[in-house]
$ cat input.txt   # compact mmCIF, C-alpha atoms
# COMPACT_ATOMS: atom_id res chain seq x y z
CA MET A 9 169.31 146.91 -16.55
CA PRO A 10 170.94 149.61 -14.34
CA SER A 11 173.33 148.17 -11.77
CA TRP A 12 171.47 149.69 -8.80
CA ILE A 13 168.25 147.93 -9.81
CA ASP A 14 170.22 144.70 -10.17
CA ILE A 15 171.52 145.15 -6.60
CA ILE A 16 168.00 145.68 -5.23
CA ILE A 17 166.65 142.60 -6.98
CA ARG A 18 169.57 140.44 -5.84
CA SER A 19 169.22 141.67 -2.26
CA PHE A 20 165.58 140.72 -1.98
CA VAL A 21 166.05 137.42 -3.80
CA PHE A 22 168.86 136.29 -1.52
CA LEU A 23 167.14 137.63 1.60
CA ALA A 24 164.14 135.44 0.79
CA LEU A 25 166.38 132.50 -0.10
CA LEU A 26 168.37 132.70 3.15
CA PHE A 27 165.14 132.99 5.15
CA PHE A 28 163.60 129.88 3.63
CA MET A 29 166.85 127.91 3.86
CA THR A 30 167.08 128.77 7.56
CA LYS A 31 163.43 127.71 8.03
CA ILE A 32 164.27 124.40 6.38
CA LEU A 33 167.36 123.89 8.55
CA GLY A 34 165.27 124.53 11.68
CA LYS A 35 165.56 126.40 14.97
CA LYS A 36 169.01 124.98 15.67
CA GLN A 37 170.39 127.58 13.29
CA ILE A 38 169.48 130.33 15.78
CA SER A 39 170.26 128.46 18.99
CA GLU A 40 173.37 126.47 19.91
CA LEU A 41 175.37 125.59 16.81
CA SER A 42 177.81 122.78 16.22
CA PHE A 43 181.15 123.56 14.55
CA PHE A 44 179.81 122.35 11.20
CA GLU A 45 176.62 124.39 11.46
CA TYR A 46 178.64 127.46 12.46
CA VAL A 47 180.98 127.11 9.47
CA SER A 48 178.01 126.33 7.22
CA GLY A 49 176.20 129.49 8.32
CA ILE A 50 179.23 131.68 7.68
CA THR A 51 179.73 130.09 4.26
CA ILE A 52 176.10 130.61 3.23
CA GLY A 53 176.30 134.26 4.29
CA SER A 54 179.55 134.76 2.37
CA ILE A 55 178.09 133.16 -0.75
CA ALA A 56 175.02 135.37 -0.53
CA GLY A 57 177.13 138.50 -0.09
CA GLU A 58 179.34 137.61 -3.04
CA ALA A 59 176.34 136.76 -5.20
CA ILE A 60 174.64 140.06 -4.36
CA THR A 61 177.56 142.44 -4.85
CA GLY A 62 180.36 140.57 -6.63
CA LEU A 63 184.03 141.40 -6.25
CA GLU A 64 183.99 143.59 -9.35
CA LYS A 65 181.28 145.87 -7.89
CA ASN A 66 182.16 149.14 -6.22
CA MET A 67 181.90 149.99 -2.50
CA PHE A 68 178.67 151.96 -2.79
CA GLN A 69 176.79 149.03 -4.26
CA GLY A 70 177.91 146.89 -1.33
CA MET A 71 176.70 149.60 1.05
CA ALA A 72 173.38 149.70 -0.79
CA ALA A 73 172.95 145.95 -0.29
CA ILE A 74 173.65 146.25 3.45
CA ILE A 75 171.14 149.11 3.76
CA ILE A 76 168.52 147.11 1.90
CA PHE A 77 169.03 144.11 4.20
CA SER A 78 168.79 146.36 7.25
CA LEU A 79 165.65 148.15 6.07
CA ALA A 80 164.00 144.87 5.11
CA THR A 81 164.73 143.47 8.59
CA LEU A 82 163.37 146.62 10.24
CA PHE A 83 160.22 146.50 8.12
CA ALA A 84 159.71 142.82 9.02
CA ASP A 85 160.07 143.63 12.75
CA ILE A 86 157.50 146.43 12.53
CA LEU A 87 155.07 144.29 10.56
CA ALA A 88 155.50 141.41 13.02
CA LEU A 89 154.42 143.72 15.85
CA LYS A 90 151.22 144.57 14.02
CA SER A 91 150.28 141.15 12.61
CA LYS A 92 150.26 137.90 14.59
CA SER A 93 149.97 135.76 11.46
CA PHE A 94 153.00 137.46 9.94
CA ARG A 95 154.84 137.13 13.27
CA ASP A 96 154.09 133.41 13.38
CA PHE A 97 155.30 133.05 9.81
CA ILE A 98 158.53 134.97 10.37
CA GLU A 99 159.45 133.88 13.90
CA GLY A 100 157.76 130.50 13.88
CA ARG A 101 155.78 128.81 16.65
CA GLY A 102 156.80 126.71 19.59
CA THR A 103 157.06 122.96 19.02
CA VAL A 104 155.87 120.59 21.75
CA PHE A 105 158.55 118.00 22.52
CA ILE A 106 157.11 116.39 25.66
CA LYS A 107 153.49 116.03 26.78
CA ASP A 108 152.33 114.16 29.89
CA GLY A 109 155.82 112.71 30.34
CA LYS A 110 155.90 111.29 26.79
CA VAL A 111 158.30 112.40 24.05
CA LEU A 112 156.58 113.36 20.79
CA GLU A 113 159.00 111.73 18.35
CA GLU A 114 157.41 113.22 15.24
CA ASN A 115 157.90 116.76 16.52
CA LEU A 116 161.47 115.88 17.49
CA LYS A 117 162.18 114.69 13.95
CA LYS A 118 160.45 117.73 12.49
CA GLU A 119 162.89 120.06 14.27
CA LYS A 120 165.83 117.72 13.56
CA TYR A 121 166.64 117.10 17.23
CA SER A 122 167.93 113.81 18.56
CA ILE A 123 166.94 112.36 21.92
CA ASP A 124 170.51 113.09 23.10
CA GLU A 125 170.09 116.77 22.27
CA LEU A 126 166.72 116.88 24.02
CA SER A 127 168.25 115.21 27.08
CA ALA A 128 171.04 117.81 27.09
CA LEU A 129 168.50 120.66 27.01
CA LEU A 130 166.60 119.07 29.91
CA ARG A 131 169.79 118.63 31.94
CA GLN A 132 170.49 122.34 31.54
CA LYS A 133 167.28 122.83 33.52
CA ASP A 134 168.31 120.22 36.13
CA ILE A 135 165.81 117.70 34.75
CA TYR A 136 167.12 114.17 34.34
CA ARG A 137 163.95 112.12 33.78
CA VAL A 138 161.59 112.69 30.87
CA ALA A 139 158.80 111.09 32.90
CA ASP A 140 159.03 113.95 35.42
CA VAL A 141 158.05 116.51 32.77
CA GLU A 142 154.44 117.54 32.31
CA PHE A 143 155.04 119.72 29.26
CA ALA A 144 158.11 120.85 27.28
CA VAL A 145 158.16 123.09 24.23
CA LEU A 146 160.94 124.25 21.94
CA GLU A 147 160.50 128.00 21.64
CA PRO A 148 160.90 129.86 18.33
CA ARG A 149 164.24 131.21 19.60
CA GLY A 150 165.58 127.69 20.02
CA THR A 151 165.33 127.51 23.83
CA LEU A 152 163.48 124.76 25.68
CA SER A 153 160.76 125.59 28.22
CA ALA A 154 159.76 122.77 30.54
CA LEU A 155 157.07 122.37 33.22
CA LEU A 156 157.54 119.61 35.76
CA LYS A 157 154.63 117.50 36.93
CA LYS A 158 153.06 118.92 40.06
CA GLU A 159 154.42 116.21 42.34
CA ASN A 160 157.95 116.88 41.08
CA ARG A 161 157.96 120.65 41.49
CA PRO A 162 159.88 122.21 44.39
CA LEU A 163 157.79 123.24 47.37
CA THR A 164 157.07 126.95 47.66
CA PRO A 165 156.08 129.00 50.70
CA LYS A 166 152.59 129.21 49.20
CA ASP A 167 152.33 125.40 49.17
CA LEU A 168 153.20 125.39 52.88
CA GLN A 169 150.85 128.33 53.54
CA MET A 170 153.78 130.37 54.81
CA LYS A 171 153.89 134.14 54.80
CA VAL A 172 157.04 135.59 53.30
CA PRO A 173 158.10 139.23 53.13
CA ALA A 174 157.97 141.16 49.89
CA GLU A 175 161.38 141.47 48.27
CA LYS A 176 162.59 144.86 47.09
CA GLU A 177 165.40 145.52 44.67
CA PRO A 178 168.79 145.64 46.45
CA GLN A 179 170.48 149.01 46.16
CA THR A 180 174.20 149.13 45.36
CA VAL A 181 175.40 151.95 47.61
CA ILE A 182 179.16 151.35 47.31
CA MET A 183 181.05 150.52 44.14
CA ASP A 184 184.84 150.46 43.76
CA GLY A 185 185.27 152.18 47.10
CA SER A 186 182.95 155.09 46.20
CA ILE A 187 179.54 155.90 47.66
CA LEU A 188 176.64 156.07 45.19
CA ASN A 189 174.51 158.84 46.67
CA GLU A 190 171.43 158.27 44.49
CA ALA A 191 171.25 154.58 45.41
CA LEU A 192 171.79 155.48 49.08
CA ARG A 193 168.81 157.86 48.94
CA SER A 194 166.69 155.21 47.19
CA ALA A 195 167.46 152.82 50.05
CA GLY A 196 166.36 155.48 52.55
CA LYS A 197 169.78 155.61 54.21
CA SER A 198 172.27 158.36 54.99
CA ARG A 199 176.05 158.59 54.80
CA GLY A 200 176.16 158.58 58.59
CA TRP A 201 174.30 155.28 58.73
CA LEU A 202 176.63 153.80 56.09
CA GLU A 203 179.74 154.89 57.99
CA THR A 204 178.34 153.38 61.20
CA GLU A 205 177.64 150.06 59.48
CA LEU A 206 181.16 149.97 58.04
CA GLU A 207 182.56 150.62 61.51
CA LYS A 208 180.58 147.64 62.84
CA LEU A 209 182.21 145.49 60.17
CA GLU A 210 185.61 147.04 60.96
CA LEU A 211 186.02 148.17 57.36
CA THR A 212 186.94 151.40 55.64
CA LEU A 213 185.31 152.65 52.47
CA ASP A 214 188.49 152.07 50.46
CA ASN A 215 188.39 148.35 51.29
CA VAL A 216 184.91 147.79 49.86
CA PHE A 217 184.57 146.60 46.27
CA ILE A 218 180.77 146.51 46.31
CA GLY A 219 178.22 147.21 49.04
CA GLN A 220 174.48 146.64 48.83
CA VAL A 221 171.49 147.43 51.03
CA ASP A 222 168.90 144.64 50.89
CA SER A 223 165.14 144.90 51.27
CA TYR A 224 165.51 144.61 55.05
CA GLY A 225 167.79 147.63 55.20
CA GLU A 226 170.90 145.59 56.01
CA LEU A 227 174.31 146.23 54.47
CA THR A 228 176.21 143.39 52.80
CA VAL A 229 179.66 143.97 51.36
CA ASP A 230 182.27 142.32 49.17
CA ILE A 231 185.80 143.53 49.83
CA TYR A 232 188.92 143.54 47.70
CA ASP A 233 190.80 141.10 49.94
CA ASP A 234 188.83 137.83 49.66
CA LYS A 235 190.89 136.25 52.43
CA ILE A 236 189.26 138.50 55.03
CA GLN A 237 186.03 137.06 56.45
CA VAL A 238 183.28 139.67 56.71
CA PRO A 239 180.64 138.88 59.37
CA SER A 240 177.09 138.40 58.16
CA PRO A 241 174.37 140.83 59.31
CA THR A 242 173.02 139.79 62.71
CA GLN A 243 170.35 142.37 63.53
CA ARG A 244 167.36 140.23 62.55
CA PRO A 245 168.50 137.01 64.28
CA LEU A 246 169.33 139.00 67.42
CA LEU A 247 165.91 140.67 67.39
CA LEU A 248 164.17 137.30 67.04
CA ALA A 249 166.25 135.85 69.87
CA SER A 250 165.38 138.83 72.10
CA LEU A 251 161.67 138.41 71.42
CA LYS A 252 161.81 134.69 72.22
CA LYS A 253 163.68 135.43 75.45
CA ALA A 254 161.08 138.03 76.45
CA GLN A 255 158.28 135.55 75.79
CA ALA A 256 160.03 132.85 77.82
CA ASP A 257 160.64 135.29 80.71
CA LEU A 258 156.95 136.21 80.80
CA GLU A 259 156.05 132.53 80.95
CA ILE A 260 158.44 132.01 83.88
CA PHE A 261 157.09 135.06 85.72
CA SER A 262 153.53 133.73 85.36
CA LEU A 263 154.59 130.43 86.94
CA GLU A 264 156.56 131.99 89.79
CA THR A 265 154.00 134.53 90.99
CA GLU A 266 151.24 133.63 93.41
CA ASP A 267 149.16 136.70 92.61
CA GLU A 268 146.36 135.71 90.23
CA ALA A 269 146.09 139.17 88.66
CA SER A 270 149.83 139.25 87.92
CA LYS A 271 149.70 135.66 86.66
CA ALA A 272 146.92 136.58 84.21
CA MET A 273 148.76 139.71 83.10
CA TYR A 274 152.00 137.75 82.42
CA LYS A 275 150.13 135.05 80.49
CA LYS A 276 148.25 137.62 78.43
CA ASN A 277 151.44 139.48 77.44
CA SER A 278 153.29 136.23 76.83
CA LYS A 279 150.59 135.28 74.35
CA LEU A 280 150.81 138.69 72.65
CA VAL A 281 154.60 138.40 72.32
CA GLN A 282 154.23 134.86 70.88
CA GLU A 283 151.75 136.15 68.30
CA THR A 284 154.23 138.86 67.38
CA ILE A 285 156.98 136.24 67.02
CA ASP A 286 154.77 134.14 64.75
CA ILE A 287 154.12 137.14 62.50
CA LEU A 288 157.73 138.35 62.38
CA THR A 289 159.52 134.99 62.08
CA PRO A 290 159.32 134.82 58.24
CA TYR A 291 160.77 138.32 58.06
CA LEU A 292 163.53 137.71 60.59
CA THR A 293 164.74 134.31 59.40
CA SER A 294 164.71 134.67 55.59

$ encode --input "input.txt" --output "structure tokens"
Amino acid sequence: MPSWIDIIIRSFVFLALLFFMTKILGKKQISELSFFEYVSGITIGSIAGEAITGLEKNMFQGMAAIIIFSLATLFADILALKSKSFRDFIEGRGTVFIKDGKVLEENLKKEKYSIDELSALLRQKDIYRVADVEFAVLEPRGTLSALLKKENRPLTPKDLQMKVPAEKEPQTVIMDGSILNEALRSAGKSRGWLETELEKLELTLDNVFIGQVDSYGELTVDIYDDKIQVPSPTQRPLLLASLKKAQADLEIFSLETEDEASKAMYKKNSKLVQETIDILTPYLTS
């Protein structure tokens, strides 16, 4: 048999063997490894490489084996995109570990996970009680996805029927003391505005390590000297305070005047300002 045919046969044989051995060992082989599992994986790969090429083989045969492995992996990826059944076979399916707050011991044993390892994965998600979990599944990639029971989930603005402003991507307009013009344009700001904001903070461009414009159009900076305290943006809190003062003044005016028409006018505008405050408060306090 020609040596190049022997290399091709060995490559595919050991590719299949390594795949099935990894399937047998479980998802832990592609997630967090212990020292033993790490050494074991390296050893298996070394044995496979030696068995495929052999020390007595020349360099080109080794290169051929690497190319075959790479092409086989690429072909498997393409086929997995086109076929769900093949994708499930190659990548595997998620395994349910917890359902309705109960650990499914059989599935835990199937994936060769101990309760200590499951507890460690839950703690990484700030979950300390199994009973708090509605559903947890070990993903094919070896990561754990967990859904808390409804009563244990953090409250969201939607739960409280609160309106919150839409968040836009912050734009980094200063990096290493240099202005990024494209990001500045994306934020809808000019160099003049940026220079004015830096003056308010009593900073020069050279002092700024990174500067970002948030979705509210405010500039936040991190400077090289961490000992210097940079004031936080105050435009929104000041605006909210001004609106509340205006509303309070209108209320006072309505109480002080004896003219009924003026009293009605002050009350009407006080109500309008209060409605404006109610609408803007989520935007000015977040």

$ atom_distance --input "input.txt" --atom1 "CA of Lys166 in chain A" --atom2 "CA of Pro290 in chain A"
12.6 Å

$ closest_residue --input "input.txt" --among "A:Ile86, A:Ala154, A:Ala254, A:Leu227" --to "Leu126 in chain A" --atoms "only C-alpha atoms"
A:Ala154

$ closest_residue --input "input.txt" --among "A:Leu152, A:Ala272, A:Val104, A:Ser262" --to "Leu130 in chain A" --atoms "all atoms listed in the file"
A:Leu152

$ residues_around --input "input.txt" --residues "Tyr274 in chain A" --least-positions-apart "4" --cutoff "7 Å" --atoms "all atoms listed in the file" --output "number ranges by chain"
A: 258-259, 261-262, 270, 278

$ closest_residue --input "input.txt" --among "A:Ala84, A:Lys276, A:Ser153, A:Val111" --to "Asp96 in chain A" --atoms "all atoms listed in the file"
A:Ala84

$ residues_around --input "input.txt" --residues "range 214-226 of chain A" --least-positions-apart "4" --cutoff "6 Å" --atoms "all atoms listed in the file" --output "ChimeraX atom specification"
/A:175-176,178-185,230-232

$ atom_distance --input "input.txt" --atom1 "CA of Lys110 in chain A" --atom2 "CA of Val138 in chain A"
7.1 Å

$ atom_distance --input "input.txt" --atom1 "CA of Gln282 in chain A" --atom2 "CA of Leu251 in chain A"
8.3 Å

$ closest_residue --input "input.txt" --among "A:Lys157, A:Arg95, A:Lys107, A:Lys279" --to "Val145 in chain A" --atoms "only C-alpha atoms"
A:Lys107

$ residues_around --input "input.txt" --residues "Leu156 in chain A" --least-positions-apart "3" --cutoff "12 Å" --atoms "all atoms listed in the file" --output "PyMOL selection string"
chain A and resi 106-109+130+133-144+153+159-162

$ residues_around --input "input.txt" --residues "Arg193 in chain A" --least-positions-apart "3" --cutoff "12 Å" --atoms "all atoms listed in the file" --output "MDAnalysis selection string"
chainID A and resid 179:181 187:190 196:199 201:202 221
